[in-house]
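Q: Input file: upload-v8.tsv. Contents: TSV, C-alpha atoms.
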```tsv
chain	number	residue	atom	x	y	z
A	1	MET	CA	184.68	4.15	-126.30
A	2	TYR	CA	182.03	2.37	-124.27
A	3	ASP	CA	178.35	3.04	-124.86
A	4	ARG	CA	179.03	4.91	-128.11
A	5	GLY	CA	175.47	4.45	-129.31
A	6	LYS	CA	173.91	5.90	-126.17
A	7	ILE	CA	176.28	8.88	-126.02
A	8	VAL	CA	175.84	9.85	-129.69
A	9	THR	CA	172.06	9.53	-129.42
A	10	GLY	CA	172.15	11.66	-126.31
A	11	ILE	CA	174.23	14.32	-128.00
A	12	VAL	CA	171.95	14.37	-131.05
A	13	ILE	CA	168.82	14.66	-128.89
A	14	GLY	CA	170.49	17.39	-126.83
A	15	LEU	CA	171.47	19.35	-129.92
A	16	LEU	CA	167.98	19.03	-131.35
A	17	LEU	CA	166.46	20.33	-128.11
A	18	PHE	CA	168.97	23.15	-128.00
A	19	LEU	CA	168.28	24.19	-131.58
A	20	PHE	CA	164.53	23.64	-131.33
A	21	PRO	CA	163.72	27.39	-131.05
A	22	VAL	CA	165.65	28.03	-134.28
A	23	PHE	CA	163.78	25.37	-136.27
A	24	TYR	CA	160.49	26.29	-134.64
A	25	ASN	CA	160.74	29.95	-135.63
A	26	VAL	CA	162.16	29.50	-139.15
A	27	GLY	CA	160.19	31.64	-141.57
A	28	ARG	CA	158.14	33.17	-138.78
A	29	ALA	CA	159.97	36.43	-138.18
A	30	ALA	CA	158.22	38.67	-135.67
A	31	LYS	CA	156.25	41.45	-137.28
A	32	GLU	CA	158.36	44.57	-137.63
A	33	PRO	CA	157.22	47.21	-135.22
A	34	ASP	CA	155.00	49.84	-136.74
A	35	PRO	CA	154.40	52.63	-134.26
A	36	LEU	CA	151.27	54.46	-135.21
A	37	LEU	CA	150.93	58.22	-134.86
A	38	THR	CA	147.65	59.64	-133.65
A	39	ASP	CA	145.97	62.36	-135.69
A	40	LYS	CA	147.04	64.90	-133.08
A	41	ALA	CA	150.67	63.77	-133.35
A	42	LYS	CA	150.51	63.91	-137.16
A	43	GLN	CA	149.10	67.42	-137.11
A	44	ALA	CA	151.80	68.62	-134.75
A	45	LYS	CA	154.36	67.50	-137.38
A	46	GLU	CA	157.24	67.62	-134.93
A	47	CYS	CA	157.96	66.06	-131.59
A	48	ILE	CA	160.02	67.84	-128.95
A	49	GLU	CA	163.17	66.91	-130.89
A	50	PRO	CA	163.69	65.64	-134.49
A	51	LYS	CA	162.35	62.17	-135.19
A	52	ALA	CA	165.75	60.46	-135.40
A	53	VAL	CA	166.75	61.87	-132.01
A	54	MET	CA	163.46	60.81	-130.46
A	55	THR	CA	163.75	57.28	-131.82
A	56	SER	CA	167.19	56.67	-130.41
A	57	GLU	CA	167.26	59.00	-127.39
A	58	HIS	CA	163.73	59.17	-125.95
A	59	MET	CA	164.61	56.90	-123.06
A	60	LYS	CA	167.56	59.09	-122.11
A	61	ILE	CA	165.44	62.23	-122.38
A	62	LEU	CA	162.77	60.68	-120.16
A	63	ASP	CA	165.38	59.58	-117.65
A	64	GLU	CA	166.80	63.09	-117.55
A	65	TRP	CA	163.31	64.53	-117.17
A	66	ARG	CA	162.42	62.40	-114.19
A	67	GLN	CA	165.72	63.25	-112.51
A	68	THR	CA	165.55	66.99	-113.06
A	69	VAL	CA	161.83	67.33	-112.31
A	70	VAL	CA	161.67	65.26	-109.14
A	71	ARG	CA	165.08	66.04	-107.72
A	72	ASP	CA	165.87	69.54	-108.96
A	73	ASN	CA	162.35	70.91	-109.43
A	74	MET	CA	163.22	72.03	-112.99
A	75	ARG	CA	160.05	71.43	-114.91
A	76	ASP	CA	160.60	73.13	-118.29
A	77	TYR	CA	162.41	71.54	-121.21
A	78	LYS	CA	164.15	73.87	-123.66
A	79	SER	CA	164.07	72.07	-126.99
A	80	THR	CA	166.58	72.56	-129.80
A	81	ASN	CA	163.63	73.80	-131.89
A	82	GLY	CA	163.42	76.80	-129.54
A	83	LYS	CA	160.17	75.82	-127.89
A	84	THR	CA	159.66	75.09	-124.20
A	85	TYR	CA	157.80	72.00	-123.06
A	86	TYR	CA	156.45	70.95	-119.65
A	87	LYS	CA	158.46	67.90	-118.64
A	88	SER	CA	155.83	65.25	-118.05
A	89	LEU	CA	155.43	61.79	-119.52
A	90	GLN	CA	151.80	61.63	-118.48
A	91	LEU	CA	150.77	65.16	-119.46
A	92	THR	CA	153.06	66.09	-122.37
A	93	CYS	CA	154.15	62.91	-124.17
A	94	MET	CA	150.87	61.07	-123.75
A	95	ASP	CA	148.90	64.13	-124.78
A	96	CYS	CA	149.86	63.52	-128.43
A	97	HIS	CA	150.87	59.88	-128.23
A	98	SER	CA	147.65	58.86	-126.53
A	99	ASN	CA	147.78	55.41	-128.13
A	100	LYS	CA	150.21	53.53	-125.89
A	101	THR	CA	149.43	50.06	-127.25
A	102	LYS	CA	149.88	51.12	-130.87
A	103	PHE	CA	152.82	53.47	-130.27
A	104	CYS	CA	155.02	52.73	-127.25
A	105	ASP	CA	154.29	49.03	-126.97
A	106	GLN	CA	155.04	48.36	-130.66
A	107	CYS	CA	158.80	48.69	-130.33
A	108	HIS	CA	159.01	47.81	-126.65
A	109	ASN	CA	157.41	44.42	-127.26
A	110	TYR	CA	159.52	43.80	-130.38
A	111	MET	CA	162.71	44.62	-128.48
A	112	ALA	CA	161.47	42.76	-125.39
A	113	VAL	CA	162.04	45.75	-123.12
A	114	ALA	CA	159.61	46.32	-120.27
A	115	PRO	CA	159.97	49.88	-118.96
A	116	TYR	CA	158.24	50.16	-115.59
A	117	CYS	CA	156.93	53.68	-116.28
A	118	TRP	CA	153.37	52.38	-116.35
A	119	ASP	CA	153.51	50.78	-112.93
A	120	CYS	CA	152.87	54.29	-111.62
A	121	HIS	CA	152.18	56.62	-114.54
A	122	ILE	CA	148.70	56.34	-115.93
A	123	ALA	CA	148.34	55.69	-119.66
A	124	PRO	CA	145.47	57.44	-121.41
A	125	LYS	CA	142.32	55.43	-122.07
A	126	GLU	CA	142.25	53.97	-125.58
A	127	ASN	CA	139.06	53.07	-127.42
A	128	GLY	CA	139.08	49.81	-129.30
B	1	MET	CA	220.33	56.74	-75.99
B	2	MET	CA	218.84	58.30	-72.91
B	3	ALA	CA	215.32	57.37	-71.89
B	4	MET	CA	212.84	60.26	-71.84
B	5	ASP	CA	212.41	61.68	-68.36
B	6	ARG	CA	209.17	62.89	-66.85
B	7	ARG	CA	209.91	66.55	-67.52
B	8	GLN	CA	210.59	65.99	-71.25
B	9	PHE	CA	207.51	63.84	-71.61
B	10	LEU	CA	205.28	66.57	-70.17
B	11	LYS	CA	206.79	69.19	-72.47
B	12	ILE	CA	206.14	67.11	-75.58
B	13	ALA	CA	202.67	66.12	-74.46
B	14	GLY	CA	201.80	69.78	-73.78
B	15	LEU	CA	203.07	70.92	-77.16
B	16	SER	CA	201.16	68.14	-78.96
B	17	ALA	CA	197.95	69.12	-77.19
B	18	LEU	CA	198.41	72.74	-78.26
B	19	LEU	CA	198.99	71.68	-81.87
B	20	GLY	CA	195.94	69.44	-81.70
B	21	LEU	CA	193.75	72.34	-80.55
B	22	GLY	CA	195.04	74.46	-83.40
B	23	GLY	CA	194.19	71.68	-85.86
B	24	LYS	CA	190.55	72.59	-86.26
B	25	THR	CA	191.38	76.22	-86.97
B	26	ALA	CA	193.87	75.13	-89.59
B	27	PHE	CA	191.23	72.94	-91.18
B	28	GLN	CA	188.80	75.84	-91.33
B	29	TRP	CA	191.43	78.05	-92.85
B	30	LEU	CA	192.16	75.45	-95.55
B	31	ALA	CA	188.58	74.38	-96.26
B	32	PRO	CA	186.15	76.89	-94.77
B	33	GLY	CA	182.75	75.54	-93.79
B	34	GLU	CA	183.45	72.03	-94.95
B	35	ALA	CA	184.41	70.67	-91.57
B	36	GLU	CA	181.16	71.79	-89.95
B	37	ALA	CA	179.01	70.56	-92.82
B	38	THR	CA	180.43	67.07	-92.74
B	39	LEU	CA	180.40	66.94	-88.96
B	40	GLN	CA	176.80	67.99	-88.46
B	41	GLN	CA	175.16	66.59	-91.62
B	42	ALA	CA	173.40	69.92	-91.84
B	43	PRO	CA	170.09	69.98	-93.74
B	44	MET	CA	170.21	71.78	-97.08
B	45	ILE	CA	168.21	74.84	-96.27
B	46	ALA	CA	168.91	77.92	-98.28
B	47	GLY	CA	166.65	80.85	-97.61
B	48	LYS	CA	163.23	79.26	-97.89
B	49	LYS	CA	161.43	77.09	-95.39
B	50	TRP	CA	157.87	76.04	-96.15
B	51	GLY	CA	155.63	75.55	-93.16
B	52	MET	CA	151.98	75.15	-92.26
B	53	ALA	CA	149.78	76.34	-89.43
B	54	LEU	CA	146.45	74.68	-88.66
B	55	ASP	CA	143.92	76.67	-86.66
B	56	LEU	CA	142.06	74.09	-84.60
B	57	ASN	CA	139.38	76.58	-83.59
B	58	LEU	CA	138.31	76.77	-87.22
B	59	LEU	CA	139.01	73.21	-88.36
B	60	ASP	CA	136.05	71.00	-87.53
B	61	GLU	CA	135.55	67.32	-88.36
B	62	GLU	CA	133.80	68.11	-91.62
B	63	ILE	CA	136.53	70.41	-92.93
B	64	MET	CA	139.21	67.93	-91.92
B	65	SER	CA	137.41	65.18	-93.85
B	66	LYS	CA	137.21	67.49	-96.86
B	67	CYS	CA	140.97	68.14	-96.64
B	68	ILE	CA	141.74	64.43	-96.52
B	69	GLN	CA	139.43	63.81	-99.44
B	70	ALA	CA	140.94	66.64	-101.49
B	71	CYS	CA	144.47	65.36	-100.91
B	72	HIS	CA	143.81	61.67	-101.41
B	73	SER	CA	141.76	62.14	-104.55
B	74	TYR	CA	144.31	64.54	-106.05
B	75	TYR	CA	147.21	62.16	-105.45
B	76	ASN	CA	145.37	58.90	-106.17
B	77	VAL	CA	145.82	57.59	-102.64
B	78	PRO	CA	143.51	54.57	-102.43
B	79	ASN	CA	141.53	53.34	-99.45
B	80	ILE	CA	142.80	49.81	-98.85
B	81	GLY	CA	140.16	49.07	-96.22
B	82	ASN	CA	142.66	47.34	-93.93
B	83	PRO	CA	144.21	49.50	-91.19
B	84	LYS	CA	147.41	47.44	-91.30
B	85	GLU	CA	147.98	48.39	-94.93
B	86	GLU	CA	146.50	51.88	-94.71
B	87	LEU	CA	147.90	54.52	-97.07
B	88	LYS	CA	147.67	58.04	-95.70
B	89	TRP	CA	149.16	61.38	-96.60
B	90	ILE	CA	146.95	63.36	-94.23
B	91	TRP	CA	144.78	61.86	-91.52
B	92	LYS	CA	142.82	62.43	-88.30
B	93	GLU	CA	143.99	61.48	-84.85
B	94	THR	CA	142.95	62.10	-81.23
B	95	TYR	CA	144.74	64.56	-78.94
B	96	GLU	CA	146.50	61.78	-76.97
B	97	HIS	CA	147.83	60.22	-80.15
B	98	SER	CA	148.76	63.54	-81.75
B	99	PHE	CA	150.61	65.00	-78.78
B	100	PRO	CA	151.74	62.08	-76.60
B	101	GLY	CA	153.28	63.25	-73.34
B	102	GLN	CA	151.06	66.33	-73.32
B	103	GLU	CA	147.93	64.50	-72.19
B	104	ASN	CA	146.55	65.09	-68.72
B	105	GLU	CA	143.34	64.31	-66.92
B	106	PHE	CA	142.20	67.93	-66.85
B	107	LEU	CA	142.54	68.58	-70.58
B	108	ALA	CA	140.34	71.39	-71.85
B	109	GLU	CA	136.92	70.07	-72.73
B	110	LYS	CA	137.02	71.29	-76.31
B	111	PHE	CA	139.70	68.70	-77.06
B	112	HIS	CA	137.79	65.76	-75.61
B	113	GLY	CA	136.89	63.33	-78.36
B	114	ARG	CA	137.86	65.67	-81.15
B	115	HIS	CA	140.38	64.90	-83.85
B	116	PHE	CA	143.48	66.69	-85.05
B	117	LEU	CA	144.62	66.81	-88.67
B	118	LEU	CA	148.05	65.26	-89.05
B	119	LEU	CA	150.46	65.17	-91.98
B	120	CYS	CA	154.18	65.03	-92.68
B	121	ASN	CA	155.89	67.72	-90.59
B	122	HIS	CA	158.59	68.38	-93.19
B	123	CYS	CA	161.06	68.52	-90.32
B	124	THR	CA	164.01	70.87	-90.29
B	125	ASN	CA	166.20	67.93	-89.29
B	126	PRO	CA	164.39	64.97	-90.87
B	127	PRO	CA	165.41	61.57	-89.46
B	128	CYS	CA	163.81	59.78	-92.44
B	129	CYS	CA	166.31	61.35	-94.84
B	130	ARG	CA	169.24	60.20	-92.75
B	131	ALA	CA	167.85	56.66	-92.68
B	132	CYS	CA	167.24	56.38	-96.44
B	133	PRO	CA	170.02	54.31	-98.04
B	134	THR	CA	169.29	55.44	-101.62
B	135	LYS	CA	168.51	59.15	-101.11
B	136	ALA	CA	165.03	58.42	-102.37
B	137	THR	CA	163.84	60.82	-99.71
B	138	TRP	CA	165.73	64.01	-99.08
B	139	LYS	CA	165.28	67.56	-97.87
B	140	ARG	CA	164.89	70.11	-100.64
B	141	GLU	CA	166.37	73.55	-100.31
B	142	ASP	CA	162.91	75.02	-99.80
B	143	GLY	CA	162.36	72.74	-96.80
B	144	ILE	CA	160.14	70.12	-98.41
B	145	VAL	CA	160.97	66.54	-97.48
B	146	MET	CA	160.55	65.05	-100.93
B	147	MET	CA	160.11	61.49	-102.18
B	148	ASP	CA	161.58	60.11	-105.41
B	149	MET	CA	159.50	57.02	-106.14
B	150	HIS	CA	161.91	56.10	-108.93
B	151	ARG	CA	164.63	55.49	-106.39
B	152	CYS	CA	162.70	54.00	-103.47
B	153	ILE	CA	163.63	50.36	-102.88
B	154	GLY	CA	160.98	49.83	-100.22
B	155	CYS	CA	163.32	49.08	-97.31
B	156	ARG	CA	161.05	51.08	-94.94
B	157	PHE	CA	163.95	52.44	-92.88
B	158	CYS	CA	162.34	55.87	-93.24
B	159	MET	CA	159.11	54.56	-91.74
B	160	ALA	CA	161.01	53.25	-88.74
B	161	ALA	CA	162.87	56.56	-88.45
B	162	CYS	CA	159.82	58.85	-88.67
B	163	PRO	CA	158.44	59.51	-85.17
B	164	PHE	CA	155.16	60.87	-86.58
B	165	GLY	CA	153.91	57.86	-88.56
B	166	ALA	CA	153.72	60.08	-91.63
B	167	ARG	CA	154.88	57.41	-94.07
B	168	SER	CA	152.93	54.55	-95.60
B	169	PHE	CA	154.12	51.50	-97.46
B	170	ASN	CA	152.48	50.03	-100.54
B	171	TRP	CA	152.07	46.38	-99.55
B	172	GLY	CA	150.33	45.74	-102.83
B	173	ASP	CA	149.66	47.43	-106.15
B	174	PRO	CA	147.52	50.48	-105.28
B	175	ARG	CA	145.58	49.95	-108.51
B	176	LEU	CA	144.35	46.63	-107.12
B	177	ALA	CA	142.78	48.36	-104.10
B	178	PRO	CA	139.20	47.17	-103.47
B	179	LYS	CA	136.92	48.61	-106.16
B	180	ALA	CA	134.01	48.93	-103.74
B	181	LEU	CA	135.97	51.42	-101.61
B	182	ASN	CA	137.57	53.22	-104.60
B	183	PRO	CA	134.90	53.39	-107.30
B	184	ASN	CA	136.67	55.92	-109.54
B	185	PHE	CA	140.29	54.96	-108.93
B	186	PRO	CA	142.59	56.46	-110.17
B	187	THR	CA	140.69	59.60	-109.28
B	188	ASN	CA	143.13	62.05	-110.91
B	189	PRO	CA	144.34	60.91	-114.35
B	190	GLU	CA	146.87	63.76	-114.39
B	191	MET	CA	148.87	62.38	-111.46
B	192	PRO	CA	150.59	59.01	-111.23
B	193	THR	CA	149.74	56.32	-108.71
B	194	ARG	CA	152.50	54.49	-106.87
B	195	SER	CA	153.67	50.94	-107.46
B	196	LYS	CA	153.87	47.97	-105.12
B	197	GLY	CA	156.83	48.19	-102.74
B	198	VAL	CA	157.43	51.93	-102.40
B	199	VAL	CA	156.89	54.27	-99.45
B	200	GLU	CA	154.72	57.35	-99.92
B	201	LYS	CA	153.81	60.43	-97.91
B	202	CYS	CA	152.72	64.06	-98.07
B	203	GLN	CA	154.99	66.15	-100.30
B	204	PHE	CA	153.56	69.57	-99.38
B	205	CYS	CA	152.15	69.55	-102.93
B	206	ALA	CA	155.56	70.32	-104.43
B	207	GLU	CA	154.31	70.28	-108.02
B	208	ARG	CA	151.31	72.46	-107.17
B	209	LEU	CA	153.65	74.98	-105.51
B	210	ALA	CA	155.76	74.97	-108.70
B	211	LYS	CA	152.62	76.09	-110.55
B	212	GLY	CA	151.92	78.75	-107.95
B	213	GLN	CA	149.01	76.88	-106.36
B	214	MET	CA	148.43	76.26	-102.66
B	215	PRO	CA	148.55	72.70	-101.32
B	216	ALA	CA	145.34	70.77	-101.99
B	217	CYS	CA	144.37	70.47	-98.30
B	218	VAL	CA	144.92	74.18	-97.64
B	219	GLU	CA	142.84	75.09	-100.67
B	220	ALA	CA	140.01	72.76	-99.60
B	221	ALA	CA	139.98	74.02	-95.99
B	222	ASN	CA	140.14	77.69	-96.87
B	223	LYS	CA	137.29	77.32	-99.36
B	224	ILE	CA	135.04	76.52	-96.37
B	225	LYS	CA	136.72	78.57	-93.59
B	226	PRO	CA	139.29	81.16	-94.67
B	227	ASN	CA	142.55	80.97	-92.69
B	228	ALA	CA	141.70	77.57	-91.21
B	229	MET	CA	145.01	76.44	-92.66
B	230	VAL	CA	147.85	78.79	-93.49
B	231	PHE	CA	150.76	77.78	-95.67
B	232	GLY	CA	153.81	79.97	-96.12
B	233	ASP	CA	157.47	80.64	-95.78
B	234	LEU	CA	158.69	80.44	-92.18
B	235	ASP	CA	161.92	82.12	-93.21
B	236	VAL	CA	160.25	85.39	-94.22
B	237	SER	CA	159.39	87.43	-91.14
B	238	ASP	CA	156.34	89.17	-92.66
B	239	SER	CA	154.80	86.10	-94.31
B	240	ASN	CA	151.20	85.20	-93.42
B	241	ILE	CA	152.25	82.19	-91.42
B	242	ARG	CA	154.83	84.11	-89.40
B	243	LYS	CA	152.29	86.86	-88.62
B	244	LEU	CA	149.81	84.24	-87.45
B	245	LEU	CA	152.37	82.42	-85.31
B	246	ARG	CA	153.44	85.72	-83.75
B	247	SER	CA	149.94	86.55	-82.64
B	248	ARG	CA	148.63	83.13	-81.54
B	249	TYR	CA	149.84	80.35	-79.27
B	250	SER	CA	150.84	77.23	-81.18
B	251	ILE	CA	152.23	73.80	-80.43
B	252	ARG	CA	154.04	71.22	-82.53
B	253	ARG	CA	154.11	67.43	-82.39
B	254	LYS	CA	156.91	65.89	-80.31
B	255	PRO	CA	159.27	68.90	-80.43
B	256	GLU	CA	161.39	67.27	-77.72
B	257	LEU	CA	162.77	64.84	-80.30
B	258	GLY	CA	164.63	67.67	-82.00
B	259	THR	CA	163.46	66.96	-85.54
B	260	GLY	CA	162.11	70.51	-85.83
B	261	PRO	CA	158.58	69.93	-87.16
B	262	ASN	CA	157.34	72.71	-89.46
B	263	VAL	CA	153.62	72.06	-89.00
B	264	TYR	CA	152.11	74.19	-86.23
B	265	TYR	CA	148.82	73.67	-84.40
B	266	ILE	CA	147.04	76.74	-83.08
B	267	LEU	CA	144.92	75.93	-80.08
```
Starting from the file, give its structure as structure tokens.
A:
Amino acid sequence: MYDRGKIVTGIVIGLLLFLFPVFYNVGRAAKEPDPLLTDKAKQAKECIEPKAVMTSEHMKILDEWRQTVVRDNMRDYKSTNGKTYYKSLQLTCMDCHSNKTKFCDQCHNYMAVAPYCWDCHIAPKENG
Amino acid sequence: MMAMDRRQFLKIAGLSALLGLGGKTAFQWLAPGEAEATLQQAPMIAGKKWGMALDLNLLDEEIMSKCIQACHSYYNVPNIGNPKEELKWIWKETYEHSFPGQENEFLAEKFHGRHFLLLCNHCTNPPCCRACPTKATWKREDGIVMMDMHRCIGCRFCMAACPFGARSFNWGDPRLAPKALNPNFPTNPEMPTRSKGVVEKCQFCAERLAKGQMPACVEAANKIKPNAMVFGDLDVSDSNIRKLLRSRYSIRRKPELGTGPNVYYIL
């Protein structure tokens, strides 16, 4: 093999560059997300569905809401807990979860998802 | 084999034509209504048909400004300050620009220099909805030509299709509109803004109607002059708007285009 030295060095440098993010981040695991409930949310005790459902399904619920509200003009959500809620991210969800940066953004940033809800929908003002 | 003679040919051609004529009837018998619906692209109107009547004897410049302000502050429609990027749901225009083709040199004096209040006509046969490739705008069963901002891809076909200039495009993020012109933007924290790259327009206050409220402009106008603007169901013969239209002469914008505007102007 001609130029063995150059090729092997090249491969080693390439591998090092490729694996750089792994070495760089060793022992520096991102902080686990810790969504914080506001006092109002704590007092309410329950969301529109049980916590486990909300954690895994909230994006599907919101997607269904926006479809049925805008396209079918059906604005009430019948929950499995028997209550009826007004389908609105801005008025219903954010009424309790008024701390977007400490609630929504916690997991969204950790999972590197960027929902574009907030391009249009207005998040409540947060102090501090 | 013998070649077909003229007589035979005519017999077969005649029979085929008869069968062909019967074809449509057979289709209706097999799938009633479907043929017409697909042929005409009929609008989805079932029973209700929202409409508006504006009494121009009662609407003066001040009331019209109040209407615009009520609408634009309720829906967070910013003032961009550049007419090329203007966002408008309801706006003022001169007679010549409102009713082109109707202008003449002997126009009644009361229309000289005055403005008319224009908005989306929520047409019976809306060309914008046919142009939209994603069904982001469509005609609801109650007659409202609705927008779904979640689906709009910003192609602006609807703007090209609308003969009334009722649609505006967000060339930039509306939240970055000049602060000097929009000191308290967003003015209504209960409603969303729009994002860069979507088309917006009047929605006849669909979510206010769902709550049993009148459209914001109608409410603002009638607070100053009752009955300056009347909103109602054109499909119900004893509704307020139908009673008004029965008793007064009204015109619509560009009716010759066949879009069937549902906003009436009482002169």
Q: Could you list, as a list of chain:residue names, every residue of chain B that has an atom within 9 Å of an atom of chain A, counting all atoms listed in the file?
A: B:Trp138, B:Arg140, B:Met146, B:Met147, B:Asp148, B:His150, B:Asp173, B:Pro186, B:Pro189, B:Glu190, B:Met191, B:Pro192, B:Thr193, B:Arg194, B:Ser195, B:Lys196, B:Ala206, B:Glu207, B:Ala210
Q: Near Phe231 (chain B), within 10 Å and counting only C-alpha atoms, which residues show up once chain neighbours fewer than 4 positions away are dropped, as a short mmCIF file (atom, residue, chain, number, x, y, z; two decimals) with C-alpha atoms, in the coordinates of the input?
A:
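Printed below is out16.cif as written:
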```cif
data_model
loop_
_atom_site.label_atom_id
_atom_site.label_comp_id
_atom_site.auth_asym_id
_atom_site.auth_seq_id
_atom_site.Cartn_x
_atom_site.Cartn_y
_atom_site.Cartn_z
CA TRP B 50 157.87 76.04 -96.15
CA GLY B 51 155.63 75.55 -93.16
CA MET B 52 151.98 75.15 -92.26
CA ALA B 53 149.78 76.34 -89.43
CA LEU B 54 146.45 74.68 -88.66
CA PHE B 204 153.56 69.57 -99.38
CA MET B 214 148.43 76.26 -102.66
CA PRO B 215 148.55 72.70 -101.32
CA VAL B 218 144.92 74.18 -97.64
CA GLU B 219 142.84 75.09 -100.67
CA ASN B 227 142.55 80.97 -92.69
CA SER B 239 154.80 86.10 -94.31
CA ASN B 240 151.20 85.20 -93.42
CA ILE B 241 152.25 82.19 -91.42
CA ARG B 242 154.83 84.11 -89.40
CA VAL B 263 153.62 72.06 -89.00
#
```
Q: Give me, please, the distance in Å between CA of Ile68 (chain B) and CA of Lys135 (chain B), quoted to one decimal.
A: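 CA of Lys135 (chain B) lies 27.7 Å from CA of Ile68 (chain B).
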Q: One number please: CA of Gly197 (chain B) to CA of His108 (chain A), in Å, one decimal.
A: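 Distance reported for this atom pair: 24.0 Å.
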Q: My list of candidates is B:Ala177, B:Trp171, B:Cys162, B:Pro255. Which is closest to Lys84 (chain B) when distances are computed with only C-alpha atoms?
A: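 The closest residue to Lys84 (chain B) is B:Trp171.
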Q: Could you work out how far CA of Ser65 (chain B) lies from CA of Leu87 (chain B), giving the answer in Å with one decimal?
A: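 So the answer is 15.3 Å.
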Q: Which polymer residues have any atom within 12 Å of an atom of region 77-83 of chain A, counting all atoms listed in the file, with same-chain residues fewer than 5 positions away left out, as a ChimeraX atom specification?
A: /A:46-50,53-54,61-62,64-66,68-69,88,92
Q: Kindly provide, as a list in words, the polymer residues lying within 7 Å of (159.6, 52.6, -135.2), counting all atoms listed in the file and using the coordinates exactly as they appear in the file.
A: Pro33, Asp34, Pro35 and Cys107 of chain A
Q: Kindly indicate which residue among B:Arg248, B:Arg167, B:Lys11, B:Lys223 lies nearest to Ile90 (chain B), using all atoms listed in the file for the distances.
A: B:Arg167
Q: I need the residue nearest Thr101 (chain A) from this list: A:Ile11, A:Leu37, A:Tyr2, A:Phe18. Use only C-alpha atoms for the distance.
A: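 Checking each candidate against Thr101 (chain A), we get A:Leu37 as the closest.
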Q: Out of B:Cys155, B:Cys67, B:Leu176, B:Cys205, which residue has the shortest atom-to-atom distance to Ala220 (chain B) when counting all atoms listed in the file?
A: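 With all atoms listed in the file as the atom set, the closest residue is B:Cys67.
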Q: Taking only C-alpha atoms into account, which of A:Lys40, A:Lys102, A:Lys45, A:Lys87 comes nearest Asp63 (chain A)?
A: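 The closest residue to Asp63 (chain A) is A:Lys87.
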Q: Which residue, B:Tyr74, B:Gln8, B:Thr134, B:Gly81, has the smallest gap to Ala180 (chain B) when you use all atoms listed in the file?
A: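 Smallest separation from Ala180 (chain B) among the options: B:Gly81.
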